[in-house]
Amino acid sequence: MDYKWWIRLFYLPLLLCELVKSWNEVNLLSAPPTRWNMKDYPNPQDSTSICNHPNRESWICDPNGILTNEEALTLDDLLEDLRQTAKCTCDRCTNGHGDKDGYVIALALLTQMNPENYHNPSSPEKYEVIREASLWSKYLRRRSWQFGACGNDAVLLLSIKDKVIYLSTGEEICEILTDKKTKEELWQWRGYLSDRDYFLALKHIINNLNEILQTGPQTPYTFLSLGLTYDEAVDLGLMLIGPLSILDFIVLAFVIQIFCNVYVRGCKSHDVCYKRDYKNRRLLEGFKLFLFQPLGALVLLALVAAINFVAIVGTLWLLRKQNAECGVSSGSGILWT
């Protein structure tokens, strides 16, 4: 029995896949679309010709030729310099030679994102464009390109007709370049984008990002004016759960006792039931007359419940803000006119 035929049949599907891939690349190279689907957008490290960088692996993909070759090479050199000089702190940020690698920022430039995902493709809402740009940049960074080893990567998306620029940051970069800081950096160069000077805008953005990443992680945020970081505020909120639970039990027992004295034992007031004389305590007399009645007990219970509510909601808010600062959805973007 000739086993060579079986081996050839085994490799046949792989060969067909390569042929289909090559055919798609030829089509994209000859006539790149002006409206892109995120899953069809090429990788600048693999599809160099489609990304307008023949025979050179790059950190920029510009299939629609928004930049000139000279402009693209200038920006690519800036990105490579950033990768080599701004060293990340993650243990897995190593290159093939075992040396510490830097932060990897890649650019994705395109004429337009596919408008079919909008509710009204001819006139999408601003939030829809920002959301689509966010999905695009996060998809390229986390699934399609995957240039980072441990969140030390970012993808800067620029869509011309959508008039949107969005930077999706990995967890490691987000520790330095927060979402708020990202938006501020993009916002200050919107004038160049409005004037269609995309090269100068991108050049300023990359240079500023380089300076920010060179400084390293920022000082931890402080919570209000307490001088606490968000982590410390969260720990404090979690520690208060135990004492608040004990306080809840005491107040609830007190309220039940007051209601039992008035409605079950038939006492007119708390001091009558326990034969206590509060007449010599004049400072507490008014408080006692109010607190040791059902209405006063309910007010006390409502006050403690409000304290519990503020503590729980505040802790949950801090946890959400803490998780939202840096995670899989880190990033920010702006629109220009």
# chains A, B, ... in the order shown; residues from 1 in each chain; ligands from 1
call {"tool": "select_by_dssp", "arguments": {"residues": "range 32-183 of chain A", "states": "strand (DSSP E or B)", "output": "ChimeraX atom specification"}}
result
/A:35-36,60-61,87,94,100,102,104-110,112-113,153-159,164-169
call {"tool": "atom_distance", "arguments": {"atom1": "CA of Leu73 in chain A", "atom2": "CA of Trp136 in chain A"}}
result
23.6 Å
call {"tool": "select_by_dssp", "arguments": {"residues": "range 159-222 of chain A", "states": "helix (DSSP H, G or I)", "output": "ChimeraX atom specification"}}
result
/A:171-174,179-187,190-194,198-215
call {"tool": "write_last_selection", "arguments": {"atoms": "C-alpha atoms", "output": "tab-separated table (two decimals), in the first residue's frame"}}
result
chain	number	residue	atom	x	y	z
A	171	GLU	CA	-2.35	46.76	31.31
A	172	GLU	CA	1.37	47.48	31.68
A	173	ILE	CA	1.21	50.70	29.66
A	174	CYS	CA	-2.02	51.76	31.37
A	179	ASP	CA	-7.29	56.64	30.11
A	180	LYS	CA	-7.62	60.24	31.27
A	181	LYS	CA	-4.03	61.02	30.30
A	182	THR	CA	-4.51	59.30	26.95
A	183	LYS	CA	-7.52	61.44	26.11
A	184	GLU	CA	-5.66	64.61	27.10
A	185	GLU	CA	-2.72	63.70	24.86
A	186	LEU	CA	-4.94	62.98	21.87
A	187	TRP	CA	-7.11	66.05	22.44
A	190	ARG	CA	-6.89	67.59	17.29
A	191	GLY	CA	-6.08	70.84	15.45
A	192	TYR	CA	-3.58	69.06	13.21
A	193	LEU	CA	-6.13	66.32	12.56
A	194	SER	CA	-8.75	68.89	11.58
A	198	TYR	CA	-2.03	63.48	10.03
A	199	PHE	CA	1.72	62.97	9.95
A	200	LEU	CA	2.48	65.92	12.22
A	201	ALA	CA	-0.30	64.95	14.62
A	202	LEU	CA	0.95	61.35	14.86
A	203	LYS	CA	4.54	62.51	15.23
A	204	HIS	CA	3.67	64.76	18.18
A	205	ILE	CA	1.56	62.03	19.78
A	206	ILE	CA	4.32	59.41	19.49
A	207	ASN	CA	6.97	61.78	20.86
A	208	ASN	CA	4.76	62.68	23.82
A	209	LEU	CA	3.93	59.05	24.51
A	210	ASN	CA	7.63	58.29	24.47
A	211	GLU	CA	8.32	60.98	27.06
A	212	ILE	CA	5.48	59.76	29.29
A	213	LEU	CA	6.50	56.11	29.11
A	214	GLN	CA	10.12	57.00	29.86
A	215	THR	CA	9.06	58.45	33.22
call {"tool": "closest_residue", "arguments": {"among": "A:Thr169, A:Ser159, A:Gln188, A:Asn69", "to": "Asn114 in chain A", "atoms": "only C-alpha atoms"}}
result
A:Ser159
call {"tool": "residues_around", "arguments": {"residues": "Arg131 in chain A", "least_positions_apart": "2", "cutoff": "12 Å", "atoms": "only C-alpha atoms", "output": "list of chain:residue names"}}
result
A:Met113, A:Asn117, A:Tyr118, A:Pro124, A:Glu125, A:Lys126, A:Tyr127, A:Glu128, A:Val129, A:Ala133, A:Ser134, A:Leu135, A:Trp136, A:Ser137, A:Lys138, A:Asp162, A:Val164, A:Ile165, A:Tyr166, A:Ser168, A:Ser329, A:Gly331, A:Ser332, A:Gly333, A:Ile334, A:Leu335
call {"tool": "atom_distance", "arguments": {"atom1": "CA of Tyr139 in chain A", "atom2": "CA of Tyr103 in chain A"}}
result
18.3 Å
call {"tool": "closest_residue", "arguments": {"among": "A:Glu70, A:Glu175, A:Glu132, A:Asp46", "to": "Asp153 in chain A", "atoms": "only C-alpha atoms"}}
result
A:Glu175
call {"tool": "atom_distance", "arguments": {"atom1": "CA of Met239 in chain A", "atom2": "CA of Ala302 in chain A"}}
result
21.8 Å
call {"tool": "closest_residue", "arguments": {"among": "A:Leu240, A:Ile130, A:Leu79, A:Ile176", "to": "Gly216 in chain A", "atoms": "only C-alpha atoms"}}
result
A:Ile176
